[in-house]
$ cat upload23.cif   # mmCIF, C-alpha atoms
data_coords
#
loop_
_atom_site.label_atom_id
_atom_site.label_comp_id
_atom_site.auth_asym_id
_atom_site.auth_seq_id
_atom_site.Cartn_x
_atom_site.Cartn_y
_atom_site.Cartn_z
CA ALA A 1 5.71 -24.86 8.62
CA HIS A 2 5.85 -25.07 4.85
CA GLU A 3 3.79 -28.28 4.83
CA ALA A 4 1.26 -26.78 7.23
CA ASP A 5 0.91 -23.71 5.03
CA LYS A 6 0.41 -25.89 1.96
CA ALA A 7 -2.33 -27.84 3.72
CA PHE A 8 -3.91 -24.58 4.86
CA ALA A 9 -3.85 -23.25 1.31
CA GLU A 10 -5.49 -26.31 -0.14
CA ASP A 11 -8.11 -26.77 2.56
CA VAL A 12 -9.37 -23.53 4.01
CA TYR A 13 -7.82 -20.62 2.15
CA PRO A 14 -10.28 -20.58 -0.79
CA VAL A 15 -13.28 -20.75 1.57
CA LEU A 16 -12.00 -18.08 3.95
CA ILE A 17 -10.89 -15.54 1.35
CA GLU A 18 -13.77 -15.89 -1.13
CA ASP A 19 -15.88 -12.69 -1.33
CA ARG A 20 -13.99 -11.23 1.66
CA LEU A 21 -13.48 -7.98 -0.31
CA ARG A 22 -16.39 -8.28 -2.74
CA GLY A 23 -17.18 -4.88 -4.27
CA MET A 24 -14.19 -3.13 -2.67
CA ARG A 25 -11.93 -0.90 -4.78
CA ILE A 26 -8.30 -1.03 -3.71
CA ALA A 27 -5.46 1.36 -4.59
CA LEU A 28 -1.90 0.01 -4.95
CA LEU A 29 1.21 2.07 -4.24
CA PHE A 30 4.66 0.75 -5.12
CA VAL A 31 7.66 2.46 -3.57
CA GLY A 32 9.93 1.53 -6.46
CA SER A 33 9.15 -0.66 -9.46
CA VAL A 34 5.93 -2.64 -9.87
CA ASP A 35 5.88 -6.19 -8.50
CA ALA A 36 2.17 -6.87 -8.22
CA ALA A 37 1.68 -10.63 -8.64
CA HIS A 38 1.12 -11.65 -4.99
CA VAL A 39 -1.03 -8.66 -4.04
CA GLN A 40 -3.02 -8.94 -7.27
CA ARG A 41 -3.75 -12.60 -6.56
CA ALA A 42 -4.95 -11.77 -3.03
CA LEU A 43 -7.29 -9.08 -4.38
CA GLU A 44 -8.66 -11.38 -7.10
CA ASP A 45 -9.14 -14.30 -4.70
CA ALA A 46 -11.02 -12.00 -2.30
CA GLY A 47 -13.23 -10.47 -5.02
CA ALA A 48 -11.76 -6.94 -4.89
CA THR A 49 -11.00 -4.73 -7.89
CA ARG A 50 -7.79 -2.79 -8.38
CA LEU A 51 -8.89 0.82 -8.61
CA ARG A 52 -5.57 2.50 -9.42
CA MET A 53 -1.86 1.86 -9.16
CA ARG A 54 1.08 4.25 -8.86
CA ALA A 55 4.74 3.21 -8.76
CA LEU A 56 7.12 5.86 -7.39
CA ARG A 57 10.54 6.64 -8.82
CA ILE A 58 12.86 6.34 -5.81
CA PRO A 59 14.88 8.23 -4.57
CA VAL A 60 13.04 11.52 -5.03
CA ASP A 61 14.93 14.66 -6.07
CA PRO A 62 13.84 17.52 -3.76
CA GLU A 63 15.05 20.22 -6.18
CA LYS A 64 13.03 18.77 -9.06
CA LEU A 65 9.97 18.50 -6.82
CA ASP A 66 10.38 22.15 -5.85
CA ARG A 67 10.63 23.22 -9.48
CA ALA A 68 7.48 21.25 -10.33
CA LEU A 69 5.61 23.14 -7.58
CA VAL A 70 6.69 26.60 -8.79
CA GLY A 71 3.68 28.64 -9.88
CA ARG A 72 1.25 26.36 -8.05
CA ALA A 73 -0.21 28.75 -5.47
CA ASP A 74 -2.35 25.96 -4.01
CA LEU A 75 0.80 23.92 -3.28
CA ALA A 76 3.21 26.73 -2.28
CA GLU A 77 3.27 25.63 1.37
CA TYR A 78 4.66 22.22 0.35
CA ARG A 79 7.84 23.59 -1.22
CA GLY A 80 11.20 23.09 0.46
CA GLU A 81 13.08 20.10 1.77
CA ASP A 82 11.71 20.61 5.28
CA ARG A 83 8.17 20.12 3.95
CA LEU A 84 8.79 16.74 2.28
CA ASP A 85 6.96 14.80 4.98
CA ASP A 86 3.90 17.06 4.56
CA LEU A 87 4.09 16.59 0.80
CA GLY A 88 4.13 12.83 1.33
CA ARG A 89 1.05 13.11 3.56
CA LEU A 90 -0.77 15.17 0.93
CA LEU A 91 -0.03 12.63 -1.82
CA ALA A 92 -1.25 9.84 0.49
CA ALA A 93 -4.53 11.65 1.17
CA GLU A 94 -5.12 12.29 -2.54
CA LEU A 95 -4.31 8.67 -3.42
CA VAL A 96 -7.06 7.51 -1.07
CA THR A 97 -9.78 10.10 -1.69
CA GLY A 98 -9.32 10.68 -5.43
CA GLY A 99 -11.28 13.51 -7.03
CA ASP A 100 -9.15 16.67 -7.22
CA THR A 101 -5.49 15.67 -6.91
CA PRO A 102 -3.38 18.83 -7.35
CA ALA A 103 -0.22 17.28 -5.89
CA TRP A 104 -0.34 14.21 -8.14
CA ASP A 105 -1.19 16.47 -11.12
CA ALA A 106 1.88 18.61 -10.45
CA LEU A 107 4.34 15.82 -9.58
CA THR A 108 3.40 12.71 -11.59
CA SER A 109 5.97 13.45 -14.31
CA GLN A 110 8.67 13.74 -11.60
CA ILE A 111 7.86 10.89 -9.24
CA VAL A 112 5.80 8.26 -11.06
CA GLU A 113 7.55 5.43 -12.88
CA GLU A 114 4.41 3.53 -13.90
CA LYS A 115 0.67 4.02 -13.40
CA SER A 116 -2.77 2.63 -14.17
CA GLY A 117 -6.29 3.69 -13.28
CA THR A 118 -7.68 7.18 -12.69
CA PHE A 119 -8.38 9.29 -9.61
CA ARG A 120 -12.10 9.55 -10.32
CA ARG A 121 -13.27 7.48 -7.36
CA ALA A 122 -12.27 7.12 -3.73
CA ALA A 123 -10.46 3.94 -2.69
CA ASP A 124 -11.87 1.53 -0.10
CA GLY A 125 -8.37 0.44 0.94
CA VAL A 126 -4.69 0.80 0.03
CA VAL A 127 -1.82 -1.68 -0.27
CA VAL A 128 1.79 -0.43 -0.16
CA VAL A 129 4.69 -2.51 -1.49
CA ARG A 130 8.30 -1.33 -1.14
CA THR A 131 10.50 -2.70 -3.91
CA ALA A 132 13.20 -0.01 -3.62
CA LYS A 133 15.96 -0.44 -1.04
CA PRO A 134 15.64 1.45 2.27
CA GLN A 135 16.18 5.19 1.88
CA ALA A 136 17.85 7.88 3.96
CA GLY A 137 17.80 11.69 3.97
CA PRO A 138 15.13 13.61 2.04
CA THR A 139 13.56 10.50 0.45
CA ALA A 140 13.19 8.86 3.87
CA ARG A 141 11.41 12.00 5.16
CA PHE A 142 9.11 12.01 2.15
CA LEU A 143 8.27 8.31 2.61
CA THR A 144 7.70 8.70 6.35
CA GLY A 145 5.06 11.33 5.58
CA LEU A 146 3.57 9.18 2.83
CA TYR A 147 3.23 6.10 5.07
CA ALA A 148 1.88 8.14 7.99
CA GLY A 149 -0.64 9.82 5.68
CA LEU A 150 -1.91 6.43 4.50
CA ALA A 151 -2.08 5.17 8.09
CA ASP A 152 -4.14 8.24 9.07
CA SER A 153 -6.60 7.86 6.18
CA ALA A 154 -10.19 6.75 6.75
CA VAL A 155 -9.67 3.41 4.96
CA PRO A 156 -7.56 0.32 5.79
CA ALA A 157 -3.95 0.74 4.60
CA VAL A 158 -1.56 -2.22 4.65
CA GLY A 159 2.11 -2.68 3.82
CA ALA A 160 2.81 -6.02 2.12
CA GLU A 161 6.09 -7.85 1.46
CA THR A 162 7.25 -11.39 0.76
CA ALA A 163 8.70 -13.74 3.35
CA ALA A 164 12.13 -13.46 1.70
CA GLU A 165 12.17 -9.64 1.66
CA ASN A 166 15.38 -8.48 3.34
CA PRO A 167 15.79 -5.92 4.72
CA SER A 168 12.14 -5.89 5.77
CA ALA A 169 10.05 -2.71 5.59
CA VAL A 170 7.81 -3.80 8.48
CA GLY A 171 9.65 -1.71 11.10
CA VAL A 172 9.30 1.45 9.02
CA TRP A 173 5.61 0.77 8.35
CA ASN A 174 4.94 -0.03 12.00
CA ARG A 175 6.52 3.24 13.19
CA ALA A 176 4.31 5.12 10.70
CA GLY A 177 1.19 3.38 12.03
CA LEU A 178 0.58 1.07 9.07
CA SER A 179 -0.54 -2.52 9.47
CA SER A 180 1.59 -5.04 7.58
CA VAL A 181 1.78 -8.56 6.17
CA ASP A 182 5.28 -10.02 5.82
CA ASN A 183 4.49 -13.19 3.84
CA VAL A 184 2.13 -12.11 1.05
CA ASP A 185 3.69 -14.80 -1.19
CA THR A 186 1.88 -17.47 0.88
CA ALA A 187 -1.81 -18.36 1.26
CA ALA A 188 -1.79 -17.29 4.92
CA GLY A 189 -0.25 -13.95 3.95
CA ARG A 190 -2.80 -13.31 1.22
CA LEU A 191 -5.61 -14.12 3.64
CA ALA A 192 -4.09 -11.79 6.27
CA LEU A 193 -3.98 -9.00 3.67
CA ALA A 194 -7.64 -9.55 2.75
CA LEU A 195 -8.70 -9.62 6.41
CA LEU A 196 -6.89 -6.33 7.11
CA LEU A 197 -8.35 -4.64 4.02
CA ALA A 198 -11.79 -5.84 5.13
CA GLY A 199 -11.31 -3.87 8.35
CA GLY A 200 -9.76 -6.57 10.57
CA ASP A 201 -7.73 -5.78 13.69
CA GLY A 202 -4.69 -3.73 12.67
CA GLY A 203 -1.18 -4.92 13.48
CA GLN A 204 1.87 -6.68 12.09
CA TYR A 205 1.05 -10.15 10.70
CA GLY A 206 3.06 -12.99 9.20
CA ILE A 207 6.00 -15.19 10.14
CA LYS A 208 8.91 -12.84 10.88
CA ASP A 209 10.08 -11.87 14.38
CA SER A 210 8.32 -8.51 13.93
CA ALA A 211 4.89 -10.17 13.55
CA ASP A 212 2.27 -10.01 16.31
CA ASP A 213 0.51 -13.07 14.94
CA VAL A 214 0.07 -15.10 11.74
CA LEU A 215 -3.46 -13.87 11.02
CA PRO A 216 -5.87 -11.24 12.31
CA PRO A 217 -9.00 -12.67 13.98
CA ILE A 218 -11.22 -14.19 11.28
CA GLU A 219 -14.79 -12.87 11.34
CA ALA A 220 -17.46 -15.04 9.74
CA LEU A 221 -18.91 -13.44 6.62
CA PRO A 222 -22.64 -12.75 6.74
CA ALA A 223 -24.58 -15.42 4.83
CA GLU A 224 -25.68 -13.02 2.09
CA ALA A 225 -22.07 -12.12 1.31
CA ARG A 226 -21.31 -15.77 0.72
CA GLY A 227 -24.47 -16.22 -1.38
#

$ encode --input "upload23.cif" --output "structure tokens"
Amino acid sequence: AHEADKAFAEDVYPVLIEDRLRGMRIALLFVGSVDAAHVQRALEDAGATRLRMRALRIPVDPEKLDRALVGRADLAEYRGEDRLDDLGRLLAAELVTGGDTPAWDALTSQIVEEKSGTFRRAADGVVVVRTAKPQAGPTARFLTGLYAGLADSAVPAVGAETAAENPSAVGVWNRAGLSSVDNVDTAAGRLALALLLAGGDGGQYGIKDSADDVLPPIEALPAEARG
């Protein structure tokens, strides 16, 4: 399989991924520390630009989040541990749409470990990478809402991990409705990510037992896009 992937990378990958995401602005969300190399390469190879990036400090501390929301009348309904999934959904929606982002404004100092880019523009797609270990309790509830919120957004949202990632996050992403790529450290995985962000058939792609297929169906690019 490794040899086949190498041949694929050398022969068809550059042709198939080139301009696939030309002009698209993609947001990156890291659940844990930043590890952007593979996703960044896929975006660059496909002609996309990275619009903004946020890396979340995991686990979250519900009491600190509550304190950060005190005095914010517009966010009062999101206070309390039983509202963590709704808070996650709100942050997901703001990450995609940009513009006014009251939740990120109130919580960035509490939950963001690293960031780049502004919220001025809407994103055309989102990539999620989980670098933190699997979570339980309040943080798991928060992340479930966050993933579901991204899955429900109007733009393609894809979870991406490397072939060696263990335990895999694919099951969690799948239950939340997110598409995923489980081998983004390979040419096939980077192409799958680009195809999904371009609006390809959603699903779980890659090489692990959880994958539906290696790649989404590959649509030919219109001639002017290749120009």

$ residues_around --input "upload23.cif" --residues "Leu75 in chain A" --least-positions-apart "3" --cutoff "12 Å" --atoms "all atoms listed in the file" --output "PDB file with C-alpha atoms, in the frame of the given file"
ATOM      1  CA  LEU A  65       9.970  18.500  -6.820  1.00  0.00           C
ATOM      2  CA  ASP A  66      10.380  22.150  -5.850  1.00  0.00           C
ATOM      3  CA  ARG A  67      10.630  23.220  -9.480  1.00  0.00           C
ATOM      4  CA  ALA A  68       7.480  21.250 -10.330  1.00  0.00           C
ATOM      5  CA  LEU A  69       5.610  23.140  -7.580  1.00  0.00           C
ATOM      6  CA  VAL A  70       6.690  26.600  -8.790  1.00  0.00           C
ATOM      7  CA  GLY A  71       3.680  28.640  -9.880  1.00  0.00           C
ATOM      8  CA  ARG A  72       1.250  26.360  -8.050  1.00  0.00           C
ATOM      9  CA  TYR A  78       4.660  22.220   0.350  1.00  0.00           C
ATOM     10  CA  ARG A  79       7.840  23.590  -1.220  1.00  0.00           C
ATOM     11  CA  GLY A  80      11.200  23.090   0.460  1.00  0.00           C
ATOM     12  CA  ARG A  83       8.170  20.120   3.950  1.00  0.00           C
ATOM     13  CA  ASP A  86       3.900  17.060   4.560  1.00  0.00           C
ATOM     14  CA  LEU A  87       4.090  16.590   0.800  1.00  0.00           C
ATOM     15  CA  LEU A  90      -0.770  15.170   0.930  1.00  0.00           C
ATOM     16  CA  LEU A  91      -0.030  12.630  -1.820  1.00  0.00           C
ATOM     17  CA  THR A 101      -5.490  15.670  -6.910  1.00  0.00           C
ATOM     18  CA  PRO A 102      -3.380  18.830  -7.350  1.00  0.00           C
ATOM     19  CA  ALA A 103      -0.220  17.280  -5.890  1.00  0.00           C
ATOM     20  CA  TRP A 104      -0.340  14.210  -8.140  1.00  0.00           C
ATOM     21  CA  ASP A 105      -1.190  16.470 -11.120  1.00  0.00           C
ATOM     22  CA  ALA A 106       1.880  18.610 -10.450  1.00  0.00           C
ATOM     23  CA  LEU A 107       4.340  15.820  -9.580  1.00  0.00           C
TER      24      LEU A 107
END

$ residues_around --input "upload23.cif" --residues "Ile26 in chain A" --least-positions-apart "6" --cutoff "12 Å" --atoms "all atoms listed in the file" --output "PDB file with C-alpha atoms, in the frame of the given file"
ATOM      1  CA  VAL A  39      -1.030  -8.660  -4.040  1.00  0.00           C
ATOM      2  CA  GLN A  40      -3.020  -8.940  -7.270  1.00  0.00           C
ATOM      3  CA  ALA A  42      -4.950 -11.770  -3.030  1.00  0.00           C
ATOM      4  CA  LEU A  43      -7.290  -9.080  -4.380  1.00  0.00           C
ATOM      5  CA  GLU A  44      -8.660 -11.380  -7.100  1.00  0.00           C
ATOM      6  CA  ALA A  46     -11.020 -12.000  -2.300  1.00  0.00           C
ATOM      7  CA  GLY A  47     -13.230 -10.470  -5.020  1.00  0.00           C
ATOM      8  CA  ALA A  48     -11.760  -6.940  -4.890  1.00  0.00           C
ATOM      9  CA  THR A  49     -11.000  -4.730  -7.890  1.00  0.00           C
ATOM     10  CA  ARG A  50      -7.790  -2.790  -8.380  1.00  0.00           C
ATOM     11  CA  LEU A  51      -8.890   0.820  -8.610  1.00  0.00           C
ATOM     12  CA  ARG A  52      -5.570   2.500  -9.420  1.00  0.00           C
ATOM     13  CA  MET A  53      -1.860   1.860  -9.160  1.00  0.00           C
ATOM     14  CA  ARG A  54       1.080   4.250  -8.860  1.00  0.00           C
ATOM     15  CA  LEU A  95      -4.310   8.670  -3.420  1.00  0.00           C
ATOM     16  CA  VAL A  96      -7.060   7.510  -1.070  1.00  0.00           C
ATOM     17  CA  THR A  97      -9.780  10.100  -1.690  1.00  0.00           C
ATOM     18  CA  GLY A  98      -9.320  10.680  -5.430  1.00  0.00           C
ATOM     19  CA  GLY A 117      -6.290   3.690 -13.280  1.00  0.00           C
ATOM     20  CA  PHE A 119      -8.380   9.290  -9.610  1.00  0.00           C
ATOM     21  CA  ARG A 121     -13.270   7.480  -7.360  1.00  0.00           C
ATOM     22  CA  ALA A 122     -12.270   7.120  -3.730  1.00  0.00           C
ATOM     23  CA  ALA A 123     -10.460   3.940  -2.690  1.00  0.00           C
ATOM     24  CA  ASP A 124     -11.870   1.530  -0.100  1.00  0.00           C
ATOM     25  CA  GLY A 125      -8.370   0.440   0.940  1.00  0.00           C
ATOM     26  CA  VAL A 126      -4.690   0.800   0.030  1.00  0.00           C
ATOM     27  CA  VAL A 127      -1.820  -1.680  -0.270  1.00  0.00           C
ATOM     28  CA  VAL A 128       1.790  -0.430  -0.160  1.00  0.00           C
ATOM     29  CA  VAL A 155      -9.670   3.410   4.960  1.00  0.00           C
ATOM     30  CA  PRO A 156      -7.560   0.320   5.790  1.00  0.00           C
ATOM     31  CA  ALA A 157      -3.950   0.740   4.600  1.00  0.00           C
ATOM     32  CA  VAL A 158      -1.560  -2.220   4.650  1.00  0.00           C
ATOM     33  CA  LEU A 193      -3.980  -9.000   3.670  1.00  0.00           C
ATOM     34  CA  ALA A 194      -7.640  -9.550   2.750  1.00  0.00           C
ATOM     35  CA  LEU A 197      -8.350  -4.640   4.020  1.00  0.00           C
ATOM     36  CA  ALA A 198     -11.790  -5.840   5.130  1.00  0.00           C
TER      37      ALA A 198
END

$ atom_distance --input "upload23.cif" --atom1 "CA of Thr131 in chain A" --atom2 "CA of Gly32 in chain A"
5.0 Å

$ resolve_selection --input "upload23.cif" --expression "the PyMOL selection byres ((chain A and resi 20) around 10)" --output "PyMOL selection string"
chain A and resi 15-19+21-24+43+45-48+191+194-195+197-198+219-221+225-226

$ write_last_selection --input "upload23.cif" --atoms "C-alpha atoms" --output "short mmCIF file (atom, residue, chain, number, x, y, z; two decimals), in the coordinates of the input"
data_model
loop_
_atom_site.label_atom_id
_atom_site.label_comp_id
_atom_site.auth_asym_id
_atom_site.auth_seq_id
_atom_site.Cartn_x
_atom_site.Cartn_y
_atom_site.Cartn_z
CA VAL A 15 -13.28 -20.75 1.57
CA LEU A 16 -12.00 -18.08 3.95
CA ILE A 17 -10.89 -15.54 1.35
CA GLU A 18 -13.77 -15.89 -1.13
CA ASP A 19 -15.88 -12.69 -1.33
CA LEU A 21 -13.48 -7.98 -0.31
CA ARG A 22 -16.39 -8.28 -2.74
CA GLY A 23 -17.18 -4.88 -4.27
CA MET A 24 -14.19 -3.13 -2.67
CA LEU A 43 -7.29 -9.08 -4.38
CA ASP A 45 -9.14 -14.30 -4.70
CA ALA A 46 -11.02 -12.00 -2.30
CA GLY A 47 -13.23 -10.47 -5.02
CA ALA A 48 -11.76 -6.94 -4.89
CA LEU A 191 -5.61 -14.12 3.64
CA ALA A 194 -7.64 -9.55 2.75
CA LEU A 195 -8.70 -9.62 6.41
CA LEU A 197 -8.35 -4.64 4.02
CA ALA A 198 -11.79 -5.84 5.13
CA GLU A 219 -14.79 -12.87 11.34
CA ALA A 220 -17.46 -15.04 9.74
CA LEU A 221 -18.91 -13.44 6.62
CA ALA A 225 -22.07 -12.12 1.31
CA ARG A 226 -21.31 -15.77 0.72
#

$ atom_distance --input "upload23.cif" --atom1 "CA of Ala151 in chain A" --atom2 "CA of Gly177 in chain A"
5.4 Å

$ residues_near_point --input "upload23.cif" --point "(0.6, 13.7, 3.4)" --cutoff "8 Å" --atoms "all atoms listed in the file" --output "ChimeraX atom specification"
/A:85-93,145-146,148-150

$ write_last_selection --input "upload23.cif" --atoms "C-alpha atoms" --output "CSV table (one decimal), keeping the file's coordinate frame"
chain,number,residue,atom,x,y,z
A,85,ASP,CA,7.0,14.8,5.0
A,86,ASP,CA,3.9,17.1,4.6
A,87,LEU,CA,4.1,16.6,0.8
A,88,GLY,CA,4.1,12.8,1.3
A,89,ARG,CA,1.0,13.1,3.6
A,90,LEU,CA,-0.8,15.2,0.9
A,91,LEU,CA,0.0,12.6,-1.8
A,92,ALA,CA,-1.2,9.8,0.5
A,93,ALA,CA,-4.5,11.6,1.2
A,145,GLY,CA,5.1,11.3,5.6
A,146,LEU,CA,3.6,9.2,2.8
A,148,ALA,CA,1.9,8.1,8.0
A,149,GLY,CA,-0.6,9.8,5.7
A,150,LEU,CA,-1.9,6.4,4.5

$ decode --input "upload23.cif" --residues "range 38-99 of chain A" --atoms "C-alpha atoms" --output "PDB file, in the first residue's frame"
ATOM      1  CA  HIS A  38      -0.077  18.234   6.955  1.00  0.00           C
ATOM      2  CA  VAL A  39      -3.269  20.295   6.746  1.00  0.00           C
ATOM      3  CA  GLN A  40      -1.322  23.397   5.739  1.00  0.00           C
ATOM      4  CA  ARG A  41       0.354  21.483   2.919  1.00  0.00           C
ATOM      5  CA  ALA A  42      -3.019  20.218   1.649  1.00  0.00           C
ATOM      6  CA  LEU A  43      -4.421  23.764   1.643  1.00  0.00           C
ATOM      7  CA  GLU A  44      -1.364  25.166  -0.147  1.00  0.00           C
ATOM      8  CA  ASP A  45      -1.311  22.365  -2.727  1.00  0.00           C
ATOM      9  CA  ALA A  46      -5.013  22.967  -3.437  1.00  0.00           C
ATOM     10  CA  GLY A  47      -4.654  26.764  -3.704  1.00  0.00           C
ATOM     11  CA  ALA A  48      -6.644  27.650  -0.556  1.00  0.00           C
ATOM     12  CA  THR A  49      -5.735  30.334   1.981  1.00  0.00           C
ATOM     13  CA  ARG A  50      -5.778  29.870   5.728  1.00  0.00           C
ATOM     14  CA  LEU A  51      -8.255  32.446   6.978  1.00  0.00           C
ATOM     15  CA  ARG A  52      -7.878  32.001  10.735  1.00  0.00           C
ATOM     16  CA  MET A  53      -6.658  29.451  13.246  1.00  0.00           C
ATOM     17  CA  ARG A  54      -7.632  28.837  16.862  1.00  0.00           C
ATOM     18  CA  ALA A  55      -6.059  26.229  19.144  1.00  0.00           C
ATOM     19  CA  LEU A  56      -8.113  25.341  22.228  1.00  0.00           C
ATOM     20  CA  ARG A  57      -6.688  24.795  25.694  1.00  0.00           C
ATOM     21  CA  ILE A  58      -8.024  21.365  26.687  1.00  0.00           C
ATOM     22  CA  PRO A  59      -9.591  20.380  29.084  1.00  0.00           C
ATOM     23  CA  VAL A  60     -11.885  23.362  29.607  1.00  0.00           C
ATOM     24  CA  ASP A  61     -12.675  24.587  33.127  1.00  0.00           C
ATOM     25  CA  PRO A  62     -16.469  25.103  33.384  1.00  0.00           C
ATOM     26  CA  GLU A  63     -16.169  27.399  36.426  1.00  0.00           C
ATOM     27  CA  LYS A  64     -13.720  29.695  34.639  1.00  0.00           C
ATOM     28  CA  LEU A  65     -15.952  29.761  31.570  1.00  0.00           C
ATOM     29  CA  ASP A  66     -18.904  30.724  33.762  1.00  0.00           C
ATOM     30  CA  ARG A  67     -16.943  33.542  35.378  1.00  0.00           C
ATOM     31  CA  ALA A  68     -15.901  34.854  31.956  1.00  0.00           C
ATOM     32  CA  LEU A  69     -19.577  35.006  30.943  1.00  0.00           C
ATOM     33  CA  VAL A  70     -20.674  36.963  34.041  1.00  0.00           C
ATOM     34  CA  GLY A  71     -22.021  40.372  33.076  1.00  0.00           C
ATOM     35  CA  ARG A  72     -22.495  39.350  29.445  1.00  0.00           C
ATOM     36  CA  ALA A  73     -26.275  39.648  29.080  1.00  0.00           C
ATOM     37  CA  ASP A  74     -26.074  38.449  25.469  1.00  0.00           C
ATOM     38  CA  LEU A  75     -24.437  35.201  26.631  1.00  0.00           C
ATOM     39  CA  ALA A  76     -26.324  34.619  29.913  1.00  0.00           C
ATOM     40  CA  GLU A  77     -28.206  31.612  28.520  1.00  0.00           C
ATOM     41  CA  TYR A  78     -24.897  29.798  27.899  1.00  0.00           C
ATOM     42  CA  ARG A  79     -23.809  29.779  31.540  1.00  0.00           C
ATOM     43  CA  GLY A  80     -23.795  26.560  33.536  1.00  0.00           C
ATOM     44  CA  GLU A  81     -22.283  23.142  33.020  1.00  0.00           C
ATOM     45  CA  ASP A  82     -25.489  21.821  31.444  1.00  0.00           C
ATOM     46  CA  ARG A  83     -25.163  24.410  28.667  1.00  0.00           C
ATOM     47  CA  LEU A  84     -21.618  23.472  27.602  1.00  0.00           C
ATOM     48  CA  ASP A  85     -22.778  21.713  24.441  1.00  0.00           C
ATOM     49  CA  ASP A  86     -24.759  24.818  23.410  1.00  0.00           C
ATOM     50  CA  LEU A  87     -21.720  26.981  24.134  1.00  0.00           C
ATOM     51  CA  GLY A  88     -19.650  24.703  21.896  1.00  0.00           C
ATOM     52  CA  ARG A  89     -22.243  25.065  19.130  1.00  0.00           C
ATOM     53  CA  LEU A  90     -22.188  28.856  19.453  1.00  0.00           C
ATOM     54  CA  LEU A  91     -18.383  28.992  19.200  1.00  0.00           C
ATOM     55  CA  ALA A  92     -18.547  26.731  16.125  1.00  0.00           C
ATOM     56  CA  ALA A  93     -21.081  29.001  14.423  1.00  0.00           C
ATOM     57  CA  GLU A  94     -19.007  32.112  15.150  1.00  0.00           C
ATOM     58  CA  LEU A  95     -15.819  30.428  13.920  1.00  0.00           C
ATOM     59  CA  VAL A  96     -17.473  29.802  10.551  1.00  0.00           C
ATOM     60  CA  THR A  97     -19.434  33.014  10.027  1.00  0.00           C
ATOM     61  CA  GLY A  98     -17.027  35.538  11.557  1.00  0.00           C
ATOM     62  CA  GLY A  99     -18.245  39.110  11.978  1.00  0.00           C
TER      63      GLY A  99
END
